[in-house]
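Peer 1: My structure is below; once you've seen it, I'll send some questions.
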Amino acid sequence: MHVIARSYPFGPVDGLEIDPTYGLLRDTEPLARVKLPHGEEGWLLTRYDDVRLALGDPRFSLAQAAVRDTPRMGPQRMGAILTDLDPPEHTRLRRLLAHAFTVRRVEQLRASAERTAGELLDGMEKAGPPADLVTAYAVPLPGLMVCDLLGVPYADRDHFQDLAAAFMSITAMTDEEKMARLGELAAYLAGLAGQRREHQEDDLISALVVAQEEGDRLTAEELVQLTVLLLGAGYDSTAAHIANSVYTLLKFPDQAALLRADPDLMPSAVEELLRWIPAQEISDILPRYALEDVELSGGTVLAGEPVLLAKHAANRDPRQFPDPDRFDVTRNAKGHLTFGHGPHHCIGAQLARMDLQVALTAILDRFPGLRLAGEPRWRTGMAMRGPLAMPVTW
């Protein structure tokens with residue numbers, strides 16, 4: 001019996017709202033047939049246990065998506081070097097990057113992040129209100145940090161910022177425009193790698209150049225693709241998380257007051273923000289394919305069928321998080337799926353957490369009277385939800 005597929009995504013939403021259809025499906029149809037504008041039909045997963053299993057179980061493959069007519073928003077399929085591979089090929093490349101994202105390495109960057117946050121807030125304060133939080137704070141802070149980590153000159157930011165945004169575009173750009181910008185970004189990063197072959201520095205691009213030349217068999221193409229992924233995804237997603245988090249705290253001033261009264265709550269607050277905010281425009285844009293029949297709570301996914309993972313719906317599953325729609329900075333939100341789970345868990349998660357902790361601590365401390373000076377203007381057609389502009393005053 002053929003199941004009629006729902007048209008997906010379900011409909012436009014404002015700001016950081018979640019379409020109520022996700023909750024309905026989570027309760028009544030946790031394995032829902034959906035049809036996106038392009039590609040074959042697939043199954044949408046909305047329950048925490050199902051999404052977590054599909055993220056980490058080797059019976060689901062990302063590599064298969066690279067050779068299939070995947071469910072997708074635009075004509076061009078989204079993909080990247082780490083997301084188009086399964087272990088062991090994925091493991092080899094991920095291991096090359098792991099040393100740059102250890103807790104120890106990230107904590108070494110914290111002092112630099114705190115200094116940068118302070119300097120950016122100095123600039124906001126000197127210019128006076130109102131300020132656009134996005135351009136004055138949320139974008140430059142993670143930009144500086146990821147550039148420092150990779151070894152990309154921040155002075156070039158005006159050149160590569162728009163190029164990096166192309167990586168996260170779903171429908172915001174035409175396929176032609178997106179590919180042109182990604183090609184330009186790849187050429188820029190290949191040029192930096194060439195410089196590092198002549199003069200190595202203490203940065204990730206230099207480390208990847210060494211890996212290319214000393215036995216890990218990292219090809220020149222792999223090196224460029226890895227740096228495109230880290231710069232594109234790391235820059236844009238963390239900036240969106242910072243802006244979304246400040247917006248959420250301003251919408252829940254009682255929770256912001258708790259954080260100001262007890263700064264030790266910040267780590268748990270960041271986890272709750274990551275859980276509660278529906279960061280992605282739709283479900284995870286990278287479908288996984290079942291390599292064999294897999295039984296889930298809503299039924300069986302047959303071998304060869306794709307699943308799409310609604311991580312933001314899973315993060316609101318009451319089976320995992322009691323009273324899930326309530327935003328509570330004192331909640332133990334560990335285990336949320338915003339950064340994924342399993343072999344493809346976001347390699348930059350620790351850096352993003354640190355950036356968020358630093359960014360929110362600094363701005364709440366500097367501006368006790370921080371508030372919106374108007375409604376944000378939200379971007380569309382990008383993998384990550386977030387404001388294009390967000391006027392604030394104090």
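Every chain in the structure tokens takes a letter, A first, then B, and so on in the order presented; its residues are numbered from 1, and the ligands are numbered from 1 following the presented order.
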Which polymer residues have any atom within 12 Å of an atom of Gln200 of chain A, counting only C-alpha atoms, with same-chain residues fewer than 6 positions away left out, as a PyMOL selection string?

Peer 2: chain A and resi 151+192-194+206-210

Peer 1: As a list of chain:residue names, please: every residue in segment 22-155 of chain A that DSSP puts in strand (DSSP E).

Peer 2: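 So, restricting segment 22-155 of chain A to strand (DSSP E), we get A:Leu31, A:Ala32, A:Arg33, A:Val34, A:Lys35, A:Gly42, A:Trp43, A:Leu44, A:Leu45, A:Phe60, A:Ser61, A:Ala131, A:Asp132.
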
Peer 1: What are the closest atom pairs, with distances in Å to one decimal, for each residue of segment 64-105 of chain A lying within 12 Å of segment 329-342 of chain A, using only C-alpha atoms, rows by chain and rising residue number, as a tab-separated table?

Peer 2:
residue	atom	partner	partner_atom	distance
A:Thr83	CA	A:Gly340	CA	12.0
A:Asp86	CA	A:Gly342	CA	11.4
A:Pro87	CA	A:Gly342	CA	11.1
A:Thr91	CA	A:Gly342	CA	11.5

Peer 1: Since we have the selection now, will you write its residues out, keeping N, CA and C atoms, as a PDB file, in the first residue's frame?

Peer 2:
ATOM      1  N   THR A  83      30.699  14.998   5.035  1.00  0.00           N
ATOM      2  CA  THR A  83      29.317  14.529   5.090  1.00  0.00           C
ATOM      3  C   THR A  83      28.963  13.593   3.943  1.00  0.00           C
ATOM      4  N   ASP A  86      31.306   7.670   4.760  1.00  0.00           N
ATOM      5  CA  ASP A  86      31.065   6.828   5.931  1.00  0.00           C
ATOM      6  C   ASP A  86      32.421   6.341   6.441  1.00  0.00           C
ATOM      7  N   PRO A  87      32.493   5.881   7.706  1.00  0.00           N
ATOM      8  CA  PRO A  87      33.725   5.230   8.148  1.00  0.00           C
ATOM      9  C   PRO A  87      34.026   4.025   7.235  1.00  0.00           C
ATOM     10  N   THR A  91      36.536   8.514   8.950  1.00  0.00           N
ATOM     11  CA  THR A  91      37.359   8.493  10.170  1.00  0.00           C
ATOM     12  C   THR A  91      38.760   9.017   9.891  1.00  0.00           C
TER      13      THR A  91
END

Peer 1: Restricting the calculation to only C-alpha atoms, which member of A:Val13, A:Val103, A:Leu96, A:Leu44 is positioned closest to Leu309 of chain A?

Peer 2: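 Answer, going by the shortest atom-to-atom distance: A:Leu44.
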
Peer 1: Using only C-alpha atoms, determine which residues lie at most 12 Å from Leu24 of chain A, disregarding the query and same-chain residues fewer than 4 positions distant; provide the list as a PyMOL selection string.

Peer 2: chain A and resi 10+18-20+28-32+46-47+313+316-317

Peer 1: Can you write just those residues out, N, CA, C and O atoms, as a short mmCIF file (atom, residue, chain, number, x, y, z; two decimals), in the first residue's frame?

Peer 2:
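Resulting contents of part.cif:
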data_model
loop_
_atom_site.label_atom_id
_atom_site.label_comp_id
_atom_site.auth_asym_id
_atom_site.auth_seq_id
_atom_site.Cartn_x
_atom_site.Cartn_y
_atom_site.Cartn_z
N PHE A 10 6.70 22.19 5.64
CA PHE A 10 5.27 22.30 5.87
C PHE A 10 4.72 23.70 5.60
O PHE A 10 3.60 23.85 5.15
N ILE A 18 8.35 27.00 15.60
CA ILE A 18 8.37 25.66 15.01
C ILE A 18 6.98 25.35 14.49
O ILE A 18 5.99 25.54 15.20
N ASP A 19 6.88 24.90 13.26
CA ASP A 19 5.58 24.54 12.71
C ASP A 19 4.93 23.47 13.59
O ASP A 19 5.57 22.45 13.92
N PRO A 20 3.67 23.64 13.97
CA PRO A 20 3.01 22.66 14.85
C PRO A 20 2.87 21.28 14.24
O PRO A 20 2.64 20.30 14.98
N THR A 28 1.72 11.25 16.52
CA THR A 28 0.80 10.36 15.82
C THR A 28 1.39 9.65 14.61
O THR A 28 0.87 8.64 14.16
N GLU A 29 2.46 10.20 14.03
CA GLU A 29 3.03 9.64 12.80
C GLU A 29 4.54 9.86 12.80
O GLU A 29 5.08 10.62 11.99
N PRO A 30 5.27 9.19 13.70
CA PRO A 30 6.71 9.45 13.83
C PRO A 30 7.54 9.02 12.64
O PRO A 30 8.71 9.40 12.53
N LEU A 31 6.95 8.23 11.74
CA LEU A 31 7.60 7.89 10.48
C LEU A 31 6.69 8.40 9.37
O LEU A 31 5.75 7.72 8.95
N ALA A 32 6.95 9.64 8.93
CA ALA A 32 6.03 10.32 8.02
C ALA A 32 6.64 10.40 6.62
O ALA A 32 7.79 10.82 6.45
N THR A 46 10.83 12.37 13.65
CA THR A 46 10.61 13.50 14.56
C THR A 46 10.81 13.13 16.03
O THR A 46 10.86 14.02 16.87
N ARG A 47 10.91 11.85 16.35
CA ARG A 47 11.10 11.45 17.75
C ARG A 47 12.58 11.36 18.10
O ARG A 47 13.41 10.95 17.27
N ALA A 313 12.72 18.99 16.13
CA ALA A 313 11.55 18.33 16.70
C ALA A 313 11.97 17.32 17.75
O ALA A 313 11.31 17.19 18.81
N ARG A 316 12.53 18.72 21.08
CA ARG A 316 11.32 19.10 21.81
C ARG A 316 10.47 17.87 22.14
O ARG A 316 9.27 18.00 22.43
N ASP A 317 11.07 16.69 22.12
CA ASP A 317 10.32 15.46 22.41
C ASP A 317 10.13 15.33 23.92
O ASP A 317 11.11 15.21 24.67
#

Peer 1: For Tyr154 of chain A, please output as a compact mmCIF listing (two decimals) with C-alpha atoms, in the first residue's frame all residues within 12 Å (counting only C-alpha atoms; exclusion window: fewer than 2 positions along the same chain).

Peer 2:
# COMPACT_ATOMS: atom_id res chain seq x y z
CA PRO A 140 32.70 39.18 13.77
CA LEU A 141 33.25 37.24 17.02
CA PRO A 142 33.10 33.68 15.61
CA GLY A 143 34.65 34.98 12.42
CA LEU A 144 37.75 36.04 14.28
CA MET A 145 37.90 32.76 16.19
CA VAL A 146 37.54 30.41 13.23
CA CYS A 147 40.03 32.51 11.24
CA ASP A 148 42.52 32.28 14.09
CA LEU A 149 42.05 28.51 14.26
CA LEU A 150 42.38 27.93 10.53
CA GLY A 151 44.98 30.58 9.80
CA VAL A 152 42.79 32.70 7.53
CA ASP A 156 40.30 39.37 4.19
CA ARG A 157 36.87 38.98 5.81
CA ASP A 158 35.09 41.30 3.39
CA HIS A 159 36.30 39.05 0.60
CA PHE A 160 35.46 35.64 2.02
CA GLN A 161 32.45 36.32 4.26
CA LEU A 231 35.18 28.02 7.30
CA TYR A 235 31.60 30.83 10.54

Peer 1: From the set A:Leu93, A:Leu85, A:Met173, A:Ala314, which residue has the shortest atom-to-atom contact distance to Phe60 of chain A, counting only C-alpha atoms?

Peer 2: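 Distance minimum relative to Phe60 of chain A lands on A:Leu85.
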
Peer 1: For atom CA of Met73 of chain A and atom CA of Glu271 of chain A, determine how far apart the two atoms are, in Å to one decimal place.

Peer 2: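 Atom CA of Glu271 of chain A lies 28.9 Å from atom CA of Met73 of chain A.
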
Peer 1: I need the residues of segment 84-234 of chain A that end up classed as helix (DSSP H, G or I) by DSSP on the backbone, written out as a PyMOL selection string.

Peer 2: chain A and resi 89-101+103-127+133-138+140-150+154-168+175-198+204-213+220-234

Peer 1: Using Å and a single decimal, report how far atom CA of Pro287 of chain A sits from atom CA of Trp43 of chain A.

Peer 2: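 That distance, rounded to one decimal, is 9.3 Å.
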
Peer 1: Name the closest residue to Arg275 of chain A among the candidates A:Arg110, A:Leu189, A:Tyr48, A:Phe252; distances are taken between atoms, counting only C-alpha atoms.

Peer 2: A:Tyr48

Peer 1: Write out as a ChimeraX atom specification the residues lying within 10 Å of Gln357 of chain A, counting only C-alpha atoms and excluding same-chain residues fewer than 4 positions away.

Peer 2: /A:110,113-114,242,263,266-271,351-353,361-362

Peer 1: Can I get the selection written as a PDB file, in the first residue's frame, with N, CA and C atoms?

Peer 2:
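The resulting file, result-v8.pdb, is shown below:
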ATOM      1  N   ARG A 110      39.993  30.553  24.630  1.00  0.00           N
ATOM      2  CA  ARG A 110      38.972  31.292  25.380  1.00  0.00           C
ATOM      3  C   ARG A 110      39.429  32.707  25.719  1.00  0.00           C
ATOM      4  N   ALA A 113      39.076  34.856  22.807  1.00  0.00           N
ATOM      5  CA  ALA A 113      37.667  35.130  22.528  1.00  0.00           C
ATOM      6  C   ALA A 113      37.125  36.191  23.484  1.00  0.00           C
ATOM      7  N   GLU A 114      37.497  36.103  24.754  1.00  0.00           N
ATOM      8  CA  GLU A 114      37.028  37.086  25.737  1.00  0.00           C
ATOM      9  C   GLU A 114      37.567  38.480  25.408  1.00  0.00           C
ATOM     10  N   ILE A 242      24.760  32.663  17.977  1.00  0.00           N
ATOM     11  CA  ILE A 242      24.927  33.797  18.893  1.00  0.00           C
ATOM     12  C   ILE A 242      23.747  34.750  18.776  1.00  0.00           C
ATOM     13  N   PRO A 263      26.260  33.633  37.127  1.00  0.00           N
ATOM     14  CA  PRO A 263      27.006  33.347  35.896  1.00  0.00           C
ATOM     15  C   PRO A 263      27.427  31.888  35.751  1.00  0.00           C
ATOM     16  N   MET A 266      25.868  29.601  33.091  1.00  0.00           N
ATOM     17  CA  MET A 266      26.050  29.802  31.654  1.00  0.00           C
ATOM     18  C   MET A 266      26.263  28.507  30.871  1.00  0.00           C
ATOM     19  N   PRO A 267      27.110  27.564  31.303  1.00  0.00           N
ATOM     20  CA  PRO A 267      27.256  26.338  30.505  1.00  0.00           C
ATOM     21  C   PRO A 267      25.939  25.597  30.297  1.00  0.00           C
ATOM     22  N   SER A 268      25.128  25.471  31.357  1.00  0.00           N
ATOM     23  CA  SER A 268      23.843  24.784  31.193  1.00  0.00           C
ATOM     24  C   SER A 268      22.892  25.616  30.346  1.00  0.00           C
ATOM     25  N   ALA A 269      22.971  26.939  30.461  1.00  0.00           N
ATOM     26  CA  ALA A 269      22.118  27.808  29.660  1.00  0.00           C
ATOM     27  C   ALA A 269      22.428  27.652  28.173  1.00  0.00           C
ATOM     28  N   VAL A 270      23.702  27.544  27.834  1.00  0.00           N
ATOM     29  CA  VAL A 270      24.083  27.369  26.430  1.00  0.00           C
ATOM     30  C   VAL A 270      23.516  26.060  25.885  1.00  0.00           C
ATOM     31  N   GLU A 271      23.584  24.988  26.689  1.00  0.00           N
ATOM     32  CA  GLU A 271      23.010  23.724  26.228  1.00  0.00           C
ATOM     33  C   GLU A 271      21.503  23.839  26.029  1.00  0.00           C
ATOM     34  N   LEU A 351      34.176  24.336  20.148  1.00  0.00           N
ATOM     35  CA  LEU A 351      34.493  25.727  19.820  1.00  0.00           C
ATOM     36  C   LEU A 351      33.214  26.567  19.804  1.00  0.00           C
ATOM     37  N   ALA A 352      32.147  26.036  19.241  1.00  0.00           N
ATOM     38  CA  ALA A 352      30.881  26.765  19.208  1.00  0.00           C
ATOM     39  C   ALA A 352      30.356  27.015  20.618  1.00  0.00           C
ATOM     40  N   ARG A 353      30.445  26.014  21.483  1.00  0.00           N
ATOM     41  CA  ARG A 353      30.000  26.180  22.873  1.00  0.00           C
ATOM     42  C   ARG A 353      30.791  27.289  23.564  1.00  0.00           C
ATOM     43  N   THR A 361      28.036  35.773  28.025  1.00  0.00           N
ATOM     44  CA  THR A 361      28.514  36.310  29.310  1.00  0.00           C
ATOM     45  C   THR A 361      28.924  37.765  29.153  1.00  0.00           C
ATOM     46  N   ALA A 362      29.675  38.063  28.095  1.00  0.00           N
ATOM     47  CA  ALA A 362      30.195  39.420  27.913  1.00  0.00           C
ATOM     48  C   ALA A 362      29.084  40.429  27.672  1.00  0.00           C
TER      49      ALA A 362
END

Peer 1: Can you pull out the residues contacting Leu370 of chain A? Cut-off 6 Å, using only C-alpha atoms, and skip same-chain residues under 3 positions away; I want them as an NGL selection string.

Peer 2: :A and (367 or 393-394)
